[in-house]
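Shown below: data05.cif, with mmCIF, C-alpha atoms and all ligand atoms.
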data_protein
#
loop_
_atom_site.group_PDB
_atom_site.id
_atom_site.type_symbol
_atom_site.label_atom_id
_atom_site.label_comp_id
_atom_site.auth_asym_id
_atom_site.auth_seq_id
_atom_site.Cartn_x
_atom_site.Cartn_y
_atom_site.Cartn_z
ATOM 1 C CA MET Y 22 -14.303 73.621 18.334
ATOM 2 C CA ARG Y 23 -18.065 74.280 18.386
ATOM 3 C CA LEU Y 24 -19.630 72.595 21.424
ATOM 4 C CA VAL Y 25 -23.164 71.163 21.390
ATOM 5 C CA VAL Y 26 -23.531 72.282 25.003
ATOM 6 C CA SER Y 27 -21.024 74.994 25.905
ATOM 7 C CA VAL Y 28 -18.806 74.909 28.991
ATOM 8 C CA GLU Y 29 -20.843 77.801 30.436
ATOM 9 C CA ASP Y 30 -24.118 75.896 29.981
ATOM 10 C CA ALA Y 31 -22.614 72.701 31.374
ATOM 11 C CA ILE Y 32 -21.457 74.400 34.600
ATOM 12 C CA ARG Y 33 -24.391 76.811 35.069
ATOM 13 C CA HIS Y 34 -26.032 74.757 37.850
ATOM 14 C CA TYR Y 35 -22.946 74.758 40.120
ATOM 15 C CA ARG Y 36 -22.585 77.164 43.032
ATOM 16 C CA LEU Y 37 -21.214 80.653 42.308
ATOM 17 C CA SER Y 38 -18.139 79.944 44.408
ATOM 18 C CA ASP Y 39 -17.225 76.975 42.212
ATOM 19 C CA LEU Y 40 -17.823 78.309 38.708
ATOM 20 C CA SER Y 41 -14.211 79.310 37.996
ATOM 21 C CA LEU Y 42 -12.998 75.906 39.194
ATOM 22 C CA PHE Y 43 -15.420 73.977 36.947
ATOM 23 C CA ARG Y 44 -14.742 76.336 34.035
ATOM 24 C CA ALA Y 45 -10.991 75.671 34.290
ATOM 25 C CA GLY Y 46 -11.520 71.928 34.752
ATOM 26 C CA TYR Y 47 -13.894 71.497 31.803
ATOM 27 C CA ARG Y 48 -11.727 73.667 29.550
ATOM 28 C CA ALA Y 49 -8.690 71.579 30.482
ATOM 29 C CA LEU Y 50 -10.632 68.450 29.508
ATOM 30 C CA ILE Y 51 -11.783 69.601 26.099
ATOM 31 C CA GLY Y 52 -8.284 70.920 25.444
ATOM 32 C CA THR Y 53 -6.951 67.353 25.525
ATOM 33 C CA GLY Y 54 -7.625 66.408 21.883
ATOM 34 C CA LEU Y 55 -10.614 64.208 22.660
ATOM 35 C CA GLU Y 56 -11.987 64.313 19.121
ATOM 36 C CA SER Y 57 -11.456 60.592 18.556
ATOM 37 C CA GLY Y 58 -9.925 59.568 21.862
ATOM 38 C CA ARG Y 59 -10.941 57.180 24.618
ATOM 39 C CA VAL Y 60 -12.016 58.603 27.979
ATOM 40 C CA LEU Y 61 -12.716 56.856 31.274
ATOM 41 C CA GLU Y 62 -14.725 58.791 33.847
ATOM 42 C CA VAL Y 63 -14.158 57.282 37.284
ATOM 43 C CA CYS Y 64 -16.903 57.563 39.947
ATOM 44 C CA CYS Y 65 -19.305 59.084 37.432
ATOM 45 C CA GLY Y 66 -22.359 59.388 39.714
ATOM 46 C CA HIS Y 67 -25.333 60.425 37.544
ATOM 47 C CA GLY Y 68 -23.046 60.582 34.494
ATOM 48 C CA ASP Y 69 -23.557 64.233 33.567
ATOM 49 C CA LEU Y 70 -19.885 64.960 32.846
ATOM 50 C CA SER Y 71 -19.586 61.858 30.637
ATOM 51 C CA GLY Y 72 -22.870 62.712 28.915
ATOM 52 C CA TRP Y 73 -21.525 66.189 28.162
ATOM 53 C CA LEU Y 74 -18.184 64.842 26.888
ATOM 54 C CA ALA Y 75 -19.843 62.167 24.730
ATOM 55 C CA SER Y 76 -22.368 64.510 23.118
ATOM 56 C CA ASN Y 77 -19.681 67.101 22.362
ATOM 57 C CA HIS Y 78 -17.249 64.524 20.937
ATOM 58 C CA PRO Y 79 -19.287 62.067 18.840
ATOM 59 C CA GLN Y 80 -16.111 60.391 17.521
ATOM 60 C CA ALA Y 81 -14.719 59.839 21.016
ATOM 61 C CA ARG Y 82 -15.458 56.712 23.076
ATOM 62 C CA VAL Y 83 -16.487 57.584 26.630
ATOM 63 C CA ILE Y 84 -16.715 54.950 29.358
ATOM 64 C CA ALA Y 85 -18.103 55.915 32.747
ATOM 65 C CA MET Y 86 -17.930 53.791 35.897
ATOM 66 C CA ASP Y 87 -19.431 53.975 39.356
ATOM 67 C CA ARG Y 88 -19.783 51.303 42.014
ATOM 68 C CA SER Y 89 -23.343 52.380 42.814
ATOM 69 C CA GLU Y 90 -25.942 50.509 40.754
ATOM 70 C CA ASP Y 91 -28.491 53.237 41.532
ATOM 71 C CA TYR Y 92 -26.257 56.009 40.166
ATOM 72 C CA VAL Y 93 -25.421 54.043 37.033
ATOM 73 C CA ALA Y 94 -29.140 53.313 36.489
ATOM 74 C CA SER Y 95 -29.821 57.043 36.781
ATOM 75 C CA ALA Y 96 -26.945 57.812 34.370
ATOM 76 C CA ARG Y 97 -28.353 55.274 31.875
ATOM 77 C CA ALA Y 98 -31.804 56.872 32.098
ATOM 78 C CA LYS Y 99 -30.342 60.324 31.388
ATOM 79 C CA HIS Y 100 -27.575 59.578 28.909
ATOM 80 C CA GLY Y 101 -28.010 55.950 27.781
ATOM 81 C CA HIS Y 102 -29.155 57.093 24.309
ATOM 82 C CA LEU Y 103 -25.645 58.351 23.422
ATOM 83 C CA PRO Y 104 -24.077 55.725 21.118
ATOM 84 C CA ASN Y 105 -20.482 56.559 22.114
ATOM 85 C CA LEU Y 106 -21.099 56.365 25.881
ATOM 86 C CA GLU Y 107 -20.842 53.138 27.888
ATOM 87 C CA LEU Y 108 -21.982 53.147 31.529
ATOM 88 C CA LEU Y 109 -20.594 50.432 33.804
ATOM 89 C CA VAL Y 110 -21.117 49.384 37.411
ATOM 90 C CA GLY Y 111 -17.755 48.651 39.022
ATOM 91 C CA ASP Y 112 -14.984 49.507 41.443
ATOM 92 C CA VAL Y 113 -12.583 51.964 39.805
ATOM 93 C CA LEU Y 114 -9.733 50.579 41.932
ATOM 94 C CA GLU Y 115 -10.036 47.328 39.924
ATOM 95 C CA LEU Y 116 -9.499 48.121 36.231
ATOM 96 C CA SER Y 117 -7.969 44.845 34.961
ATOM 97 C CA ARG Y 118 -10.758 44.640 32.333
ATOM 98 C CA PHE Y 119 -8.968 47.454 30.435
ATOM 99 C CA GLU Y 120 -5.779 47.003 28.388
ATOM 100 C CA PRO Y 121 -2.626 48.923 29.417
ATOM 101 C CA GLY Y 122 -2.285 52.207 27.524
ATOM 102 C CA SER Y 123 -5.834 52.069 26.155
ATOM 103 C CA PHE Y 124 -7.120 55.510 27.266
ATOM 104 C CA ASP Y 125 -6.237 59.110 26.408
ATOM 105 C CA VAL Y 126 -7.909 60.603 29.470
ATOM 106 C CA VAL Y 127 -9.035 59.438 32.898
ATOM 107 C CA VAL Y 128 -11.242 61.995 34.595
ATOM 108 C CA GLY Y 129 -12.884 62.173 37.995
ATOM 109 C CA GLN Y 130 -15.041 64.923 39.451
ATOM 110 C CA ALA Y 131 -15.381 65.111 43.266
ATOM 111 C CA THR Y 132 -13.704 61.725 43.187
ATOM 112 C CA MET Y 133 -10.060 61.683 44.267
ATOM 113 C CA HIS Y 134 -10.979 62.234 47.934
ATOM 114 C CA HIS Y 135 -13.380 59.261 47.793
ATOM 115 C CA LEU Y 136 -10.374 57.102 46.907
ATOM 116 C CA ALA Y 137 -8.184 58.571 49.670
ATOM 117 C CA HIS Y 138 -7.990 55.228 51.516
ATOM 118 C CA ASP Y 139 -5.966 53.765 48.611
ATOM 119 C CA LEU Y 140 -4.587 56.552 46.435
ATOM 120 C CA ASP Y 141 -1.453 54.600 45.575
ATOM 121 C CA ARG Y 142 -3.584 51.850 44.027
ATOM 122 C CA ALA Y 143 -5.690 54.462 42.191
ATOM 123 C CA SER Y 144 -2.534 56.118 40.834
ATOM 124 C CA ARG Y 145 -1.112 52.772 39.612
ATOM 125 C CA GLN Y 146 -4.405 51.692 38.028
ATOM 126 C CA PHE Y 147 -5.101 54.989 36.266
ATOM 127 C CA SER Y 148 -1.506 55.350 35.061
ATOM 128 C CA ARG Y 149 -1.510 51.760 33.719
ATOM 129 C CA ILE Y 150 -4.523 52.262 31.442
ATOM 130 C CA LEU Y 151 -3.334 55.656 30.109
ATOM 131 C CA LYS Y 152 -1.261 56.040 26.954
ATOM 132 C CA PRO Y 153 2.118 57.802 27.370
ATOM 133 C CA GLY Y 154 1.256 61.514 27.431
ATOM 134 C CA GLY Y 155 -2.332 60.688 28.497
ATOM 135 C CA ARG Y 156 -3.853 62.770 31.264
ATOM 136 C CA CYS Y 157 -5.573 62.025 34.546
ATOM 137 C CA VAL Y 158 -7.729 65.006 35.485
ATOM 138 C CA PHE Y 159 -9.380 65.465 38.888
ATOM 139 C CA ILE Y 160 -11.892 68.306 39.173
ATOM 140 C CA TYR Y 161 -13.364 69.777 42.380
ATOM 141 C CA GLU Y 162 -11.444 68.262 45.267
ATOM 142 C CA PRO Y 163 -11.381 69.501 48.898
ATOM 143 C CA LEU Y 164 -8.073 70.685 50.372
ATOM 144 C CA GLY Y 165 -7.535 70.365 54.125
ATOM 145 C CA HIS Y 166 -4.740 72.762 55.139
ATOM 146 C CA ASN Y 167 -6.894 75.788 55.936
ATOM 147 C CA PRO Y 168 -8.401 75.347 59.416
ATOM 148 C CA LEU Y 169 -11.321 77.684 58.610
ATOM 149 C CA PHE Y 170 -12.545 75.673 55.636
ATOM 150 C CA SER Y 171 -11.873 72.394 57.441
ATOM 151 C CA ALA Y 172 -14.023 73.568 60.354
ATOM 152 C CA VAL Y 173 -16.907 74.564 58.048
ATOM 153 C CA ARG Y 174 -16.671 71.167 56.296
ATOM 154 C CA ALA Y 175 -16.509 69.254 59.572
ATOM 155 C CA ALA Y 176 -19.709 71.000 60.701
ATOM 156 C CA HIS Y 177 -21.340 70.191 57.360
ATOM 157 C CA PHE Y 178 -20.327 66.506 57.513
ATOM 158 C CA SER Y 179 -21.653 66.213 61.060
ATOM 159 C CA PHE Y 180 -25.131 67.090 59.745
ATOM 160 C CA THR Y 181 -25.004 65.103 56.532
ATOM 161 C CA SER Y 182 -23.375 61.916 57.944
ATOM 162 C CA TRP Y 183 -21.665 61.108 54.641
ATOM 163 C CA PRO Y 184 -19.363 58.228 55.543
ATOM 164 C CA ASP Y 185 -16.533 58.582 53.017
ATOM 165 C CA GLU Y 186 -16.033 62.342 52.852
ATOM 166 C CA CYS Y 187 -12.573 63.689 53.732
ATOM 167 C CA ASN Y 188 -10.046 66.389 52.879
ATOM 168 C CA LEU Y 189 -6.925 65.868 50.814
ATOM 169 C CA TYR Y 190 -3.456 67.194 51.666
ATOM 170 C CA GLU Y 191 -0.434 68.364 49.695
ATOM 171 C CA ARG Y 192 1.511 65.185 50.528
ATOM 172 C CA GLN Y 193 -1.200 62.947 49.033
ATOM 173 C CA ILE Y 194 -1.392 65.074 45.878
ATOM 174 C CA GLN Y 195 2.397 64.799 45.452
ATOM 175 C CA ALA Y 196 2.435 61.057 46.220
ATOM 176 C CA PHE Y 197 -0.196 60.353 43.532
ATOM 177 C CA ALA Y 198 2.321 61.665 40.977
ATOM 178 C CA ALA Y 199 4.630 58.673 41.620
ATOM 179 C CA HIS Y 200 3.230 56.843 38.567
ATOM 180 C CA PHE Y 201 3.125 59.916 36.320
ATOM 181 C CA THR Y 202 5.757 62.139 34.727
ATOM 182 C CA ARG Y 203 4.453 65.494 35.977
ATOM 183 C CA TYR Y 204 1.410 67.241 37.388
ATOM 184 C CA GLU Y 205 -0.250 70.647 37.563
ATOM 185 C CA PHE Y 206 -2.021 71.701 40.775
ATOM 186 C CA GLN Y 207 -4.726 74.381 40.383
ATOM 187 C CA PRO Y 208 -6.005 75.944 43.638
ATOM 188 C CA PHE Y 209 -9.404 77.704 43.907
ATOM 189 C CA ASN Y 210 -11.441 79.465 46.573
ATOM 190 C CA LEU Y 211 -9.627 81.460 49.211
ATOM 191 C CA PHE Y 212 -11.824 84.555 49.541
ATOM 192 C CA GLY Y 213 -14.083 83.110 46.835
ATOM 193 C CA TYR Y 214 -15.124 80.313 49.179
ATOM 194 C CA TRP Y 215 -17.451 82.677 51.009
ATOM 195 C CA ALA Y 216 -19.441 83.262 47.827
ATOM 196 C CA LYS Y 217 -21.113 79.960 48.746
ATOM 197 C CA ALA Y 218 -23.206 82.001 51.173
ATOM 198 C CA LEU Y 219 -24.540 84.368 48.476
ATOM 199 C CA PRO Y 220 -27.978 83.932 46.870
ATOM 200 C CA ASN Y 221 -27.887 83.000 43.177
ATOM 201 C CA ILE Y 222 -28.723 86.422 41.716
ATOM 202 C CA SER Y 223 -26.801 88.385 39.092
ATOM 203 C CA LEU Y 224 -25.154 90.767 41.624
ATOM 204 C CA SER Y 225 -23.799 87.739 43.512
ATOM 205 C CA ARG Y 226 -22.520 86.366 40.238
ATOM 206 C CA SER Y 227 -20.448 89.517 39.716
ATOM 207 C CA ILE Y 228 -19.170 89.378 43.311
ATOM 208 C CA GLY Y 229 -18.301 85.688 42.868
ATOM 209 C CA GLU Y 230 -16.357 86.410 39.659
ATOM 210 C CA LEU Y 231 -14.540 89.321 41.354
ATOM 211 C CA LEU Y 232 -13.506 87.163 44.323
ATOM 212 C CA ALA Y 233 -12.359 84.405 41.958
ATOM 213 C CA ARG Y 234 -10.184 86.933 40.101
ATOM 214 C CA LEU Y 235 -8.765 88.207 43.416
ATOM 215 C CA ASP Y 236 -7.946 84.612 44.423
ATOM 216 C CA ALA Y 237 -6.297 83.895 41.063
ATOM 217 C CA GLY Y 238 -4.123 87.020 41.526
ATOM 218 C CA ILE Y 239 -3.104 85.942 45.041
ATOM 219 C CA PHE Y 240 -2.241 82.387 43.927
ATOM 220 C CA LYS Y 241 -0.188 83.767 41.051
ATOM 221 C CA ALA Y 242 1.706 86.312 43.173
ATOM 222 C CA TRP Y 243 2.263 83.900 46.124
ATOM 223 C CA PRO Y 244 2.154 80.315 44.799
ATOM 224 C CA ARG Y 245 2.537 78.860 48.333
ATOM 225 C CA SER Y 246 -0.818 80.421 49.285
ATOM 226 C CA GLY Y 247 -2.512 77.789 47.080
ATOM 227 C CA LYS Y 248 -2.004 75.303 49.906
ATOM 228 C CA TYR Y 249 -4.616 77.205 51.932
ATOM 229 C CA ALA Y 250 -7.280 77.224 49.221
ATOM 230 C CA ALA Y 251 -10.548 75.376 49.844
ATOM 231 C CA ASN Y 252 -10.553 73.370 46.613
ATOM 232 C CA PHE Y 253 -8.352 72.265 43.754
ATOM 233 C CA ASN Y 254 -8.177 70.638 40.364
ATOM 234 C CA VAL Y 255 -5.130 68.587 39.467
ATOM 235 C CA ILE Y 256 -3.882 67.243 36.146
ATOM 236 C CA TYR Y 257 -1.398 64.351 36.080
ATOM 237 C CA VAL Y 258 0.422 63.591 32.827
ATOM 238 C CA ARG Y 259 1.439 59.942 32.186
HETATM 239 C C1 LIG Y 301 -19.288 62.835 45.378
HETATM 240 S S1 LIG Y 301 -19.835 61.586 44.270
HETATM 241 C C2 LIG Y 301 -19.314 62.293 42.733
HETATM 242 C C3 LIG Y 301 -20.177 61.834 41.596
HETATM 243 C C4 LIG Y 301 -19.913 62.554 40.259
HETATM 244 N N1 LIG Y 301 -18.547 62.404 39.832
HETATM 245 C C5 LIG Y 301 -20.312 64.003 40.346
HETATM 246 O O1 LIG Y 301 -19.469 64.876 40.186
HETATM 247 O O2 LIG Y 301 -21.495 64.279 40.567
HETATM 248 C C6 LIG Y 301 -18.655 60.296 44.517
HETATM 249 C C7 LIG Y 301 -18.970 59.040 43.725
HETATM 250 O O3 LIG Y 301 -17.897 58.112 43.872
HETATM 251 C C8 LIG Y 301 -18.419 56.809 43.786
HETATM 252 N N2 LIG Y 301 -17.359 55.908 44.283
HETATM 253 C C9 LIG Y 301 -16.671 56.013 45.447
HETATM 254 N N3 LIG Y 301 -15.724 55.052 45.518
HETATM 255 C C10 LIG Y 301 -15.802 54.329 44.372
HETATM 256 C C11 LIG Y 301 -15.064 53.226 43.833
HETATM 257 N N4 LIG Y 301 -14.065 52.656 44.525
HETATM 258 N N5 LIG Y 301 -15.411 52.754 42.620
HETATM 259 C C12 LIG Y 301 -16.417 53.310 41.919
HETATM 260 N N6 LIG Y 301 -17.148 54.361 42.364
HETATM 261 C C13 LIG Y 301 -16.844 54.868 43.575
HETATM 262 C C14 LIG Y 301 -19.702 56.905 44.615
HETATM 263 O O4 LIG Y 301 -20.588 55.861 44.328
HETATM 264 C C15 LIG Y 301 -20.220 58.275 44.162
HETATM 265 O O5 LIG Y 301 -21.062 58.162 43.043
#
Translate this structure into structure tokens?
Ligand SMILES: C[S@@+](CC[C@H](N)C(=O)[O-])C[C@H]1O[C@@H](n2cnc3c(N)ncnc32)[C@H](O)[C@@H]1O
Amino acid sequence: MRLVVSVEDAIRHYRLSDLSLFRAGYRALIGTGLESGRVLEVCCGHGDLSGWLASNHPQARVIAMDRSEDYVASARAKHGHLPNLELLVGDVLELSRFEPGSFDVVVGQATMHHLAHDLDRASRQFSRILKPGGRCVFIYEPLGHNPLFSAVRAAHFSFTSWPDECNLYERQIQAFAAHFTRYEFQPFNLFGYWAKALPNISLSRSIGELLARLDAGIFKAWPRSGKYAANFNVIYVR
């Protein structure tokens, strides 16, 4: 499929340490047969992921929701011209406005951990609106088992005072699968995490890619090491 904006262009502005994660996440999304499907993006923020999906799939119907009126206003200003994109203000834990089995994909980016206080409800709601075989894709989530990364994050949160930031844990990822048939966990950033500290120049880009490849090799050779990664994507199949 020829994309209007390629995956590489869509992820270019993310940090070097996170490029392989976003690349895998976005490729997984466009590999889901979205050509004429229905997609719900939960917690869409400024709506860039939905804008990208809608412009690349003009026959698809993309609905994006966030509870923040300011974010949705910003998303409308940026992407409101796309005829196949609808931007809604609302709580994604309350989806009764949508019919059961009416979506092919539910996607959230940096989202699952914001719903950590009620993941069982999120799992039930997202599963209910998906068709059988539909996919719920979470991209760029923080994993909390590695004390080093947790310490760096705790220091970061103490400066930023973000109230609903938290890590996720293996048990929560498994429990979310209760309303799905199977799931695929994709860990990222073991050594690659430290590429966050590099300046965004081409040498750093090569180092970042090298570390990402090293991490991928480690996760493949020792699957249990994925638990100690800094971040993950996860794909649940209804
Ligand atoms: C870290 S931001 C991610 C935004 C966007 N997905 C991105 O990648 O830039 C988390 C977003 O979740 C939204 N959010 C948190 N809980 C929500 C809920 N229950 N319903 C709808 N939006 C929610 C917040 O308003 C915020 O925009």
_7 Å shell around ligand LIG 301 (chain Y) using only C-alpha atoms and all ligand atoms, listed as a ChimeraX atom specification_ = /Y:63-68,86-89,92,111-114,129-132,135-136
*In Å, rounded to a single decimal, give me how far CA of Ile228 in chain Y is from CA of Val173 in chain Y.*
21.0 Å
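What separates CA of Ala233 in chain Y from CA of Trp73 in chain Y is a distance of 24.6 Å.
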_Selection result of the PyMOL selection byres (((chain Y and resi 247-253) around 6) and not hetatm) on this file, as a PyMOL selection string_ = chain Y and resi 161-164+166-167+207-211+240+244-246+254
_Which of Y:Asn221, Y:Asp236, Y:Ala75, Y:Arg259 sits closest to Arg33 in chain Y [using all atoms listed in the file]_ = Y:Asn221
_Given the PyMOL selection byres (((chain Y and resi 79) around 9) and not hetatm) and the file above, list the residues it selects as a list in words._
Glu56, Ser57, Leu74, Ala75, Ser76, Asn77, His78, Gln80, Ala81, Arg82, Leu103, Pro104 and Asn105 of chain Y
*Starting from the shown file, work through the PyMOL selection byres (((chain Y and resi 143-146) around 12) and not hetatm) and note down what comes out as number ranges by chain.*
Y: 61, 63-64, 112-124, 127, 129, 132-142, 147-151, 156-159, 193-202, 257-259
*Would you mind listing what lies within 10 Å of Ala218 in chain Y as number ranges by chain, with only C-alpha atoms counted and same-chain residues fewer than 5 positions away left out?*
Y: 36-38, 225
Could N, CA, C and O atoms be built for range 223-237 of chain Y and written out as a CSV table (one decimal), in the coordinates of the input?
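See rebuild28.csv below for the written result:
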chain,number,residue,atom,x,y,z
Y,223,SER,N,-27.9,87.9,40.0
Y,223,SER,CA,-26.8,88.4,39.1
Y,223,SER,C,-25.7,89.2,39.8
Y,223,SER,O,-24.6,89.2,39.5
Y,224,LEU,N,-26.1,90.0,40.9
Y,224,LEU,CA,-25.2,90.8,41.6
Y,224,LEU,C,-24.2,89.8,42.3
Y,224,LEU,O,-22.9,90.0,42.3
Y,225,SER,N,-24.7,88.7,42.9
Y,225,SER,CA,-23.8,87.7,43.5
Y,225,SER,C,-22.8,87.1,42.5
Y,225,SER,O,-21.7,86.8,42.8
Y,226,ARG,N,-23.4,86.9,41.3
Y,226,ARG,CA,-22.5,86.4,40.2
Y,226,ARG,C,-21.3,87.3,40.0
Y,226,ARG,O,-20.2,86.8,39.9
Y,227,SER,N,-21.6,88.6,39.9
Y,227,SER,CA,-20.4,89.5,39.7
Y,227,SER,C,-19.5,89.5,40.9
Y,227,SER,O,-18.3,89.5,40.7
Y,228,ILE,N,-20.0,89.4,42.1
Y,228,ILE,CA,-19.2,89.4,43.3
Y,228,ILE,C,-18.3,88.1,43.3
Y,228,ILE,O,-17.1,88.1,43.5
Y,229,GLY,N,-19.0,87.0,42.9
Y,229,GLY,CA,-18.3,85.7,42.9
Y,229,GLY,C,-17.1,85.7,41.9
Y,229,GLY,O,-16.0,85.3,42.2
Y,230,GLU,N,-17.4,86.3,40.7
Y,230,GLU,CA,-16.4,86.4,39.7
Y,230,GLU,C,-15.2,87.3,40.1
Y,230,GLU,O,-14.0,87.0,39.9
Y,231,LEU,N,-15.6,88.4,40.8
Y,231,LEU,CA,-14.5,89.3,41.4
Y,231,LEU,C,-13.6,88.6,42.4
Y,231,LEU,O,-12.4,88.7,42.3
Y,232,LEU,N,-14.3,87.9,43.3
Y,232,LEU,CA,-13.5,87.2,44.3
Y,232,LEU,C,-12.6,86.1,43.7
Y,232,LEU,O,-11.5,85.9,44.1
Y,233,ALA,N,-13.2,85.4,42.6
Y,233,ALA,CA,-12.4,84.4,42.0
Y,233,ALA,C,-11.1,85.0,41.3
Y,233,ALA,O,-10.0,84.5,41.3
Y,234,ARG,N,-11.3,86.2,40.7
Y,234,ARG,CA,-10.2,86.9,40.1
Y,234,ARG,C,-9.2,87.3,41.2
Y,234,ARG,O,-7.9,87.2,40.9
Y,235,LEU,N,-9.7,87.8,42.3
Y,235,LEU,CA,-8.8,88.2,43.4
Y,235,LEU,C,-7.9,87.0,43.9
Y,235,LEU,O,-6.7,87.0,44.0
Y,236,ASP,N,-8.6,85.9,44.0
Y,236,ASP,CA,-7.9,84.6,44.4
Y,236,ASP,C,-6.9,84.2,43.4
Y,236,ASP,O,-5.8,83.9,43.8
Y,237,ALA,N,-7.3,84.3,42.1
Y,237,ALA,CA,-6.3,83.9,41.1
Y,237,ALA,C,-5.1,84.8,41.1
Y,237,ALA,O,-3.9,84.3,41.0
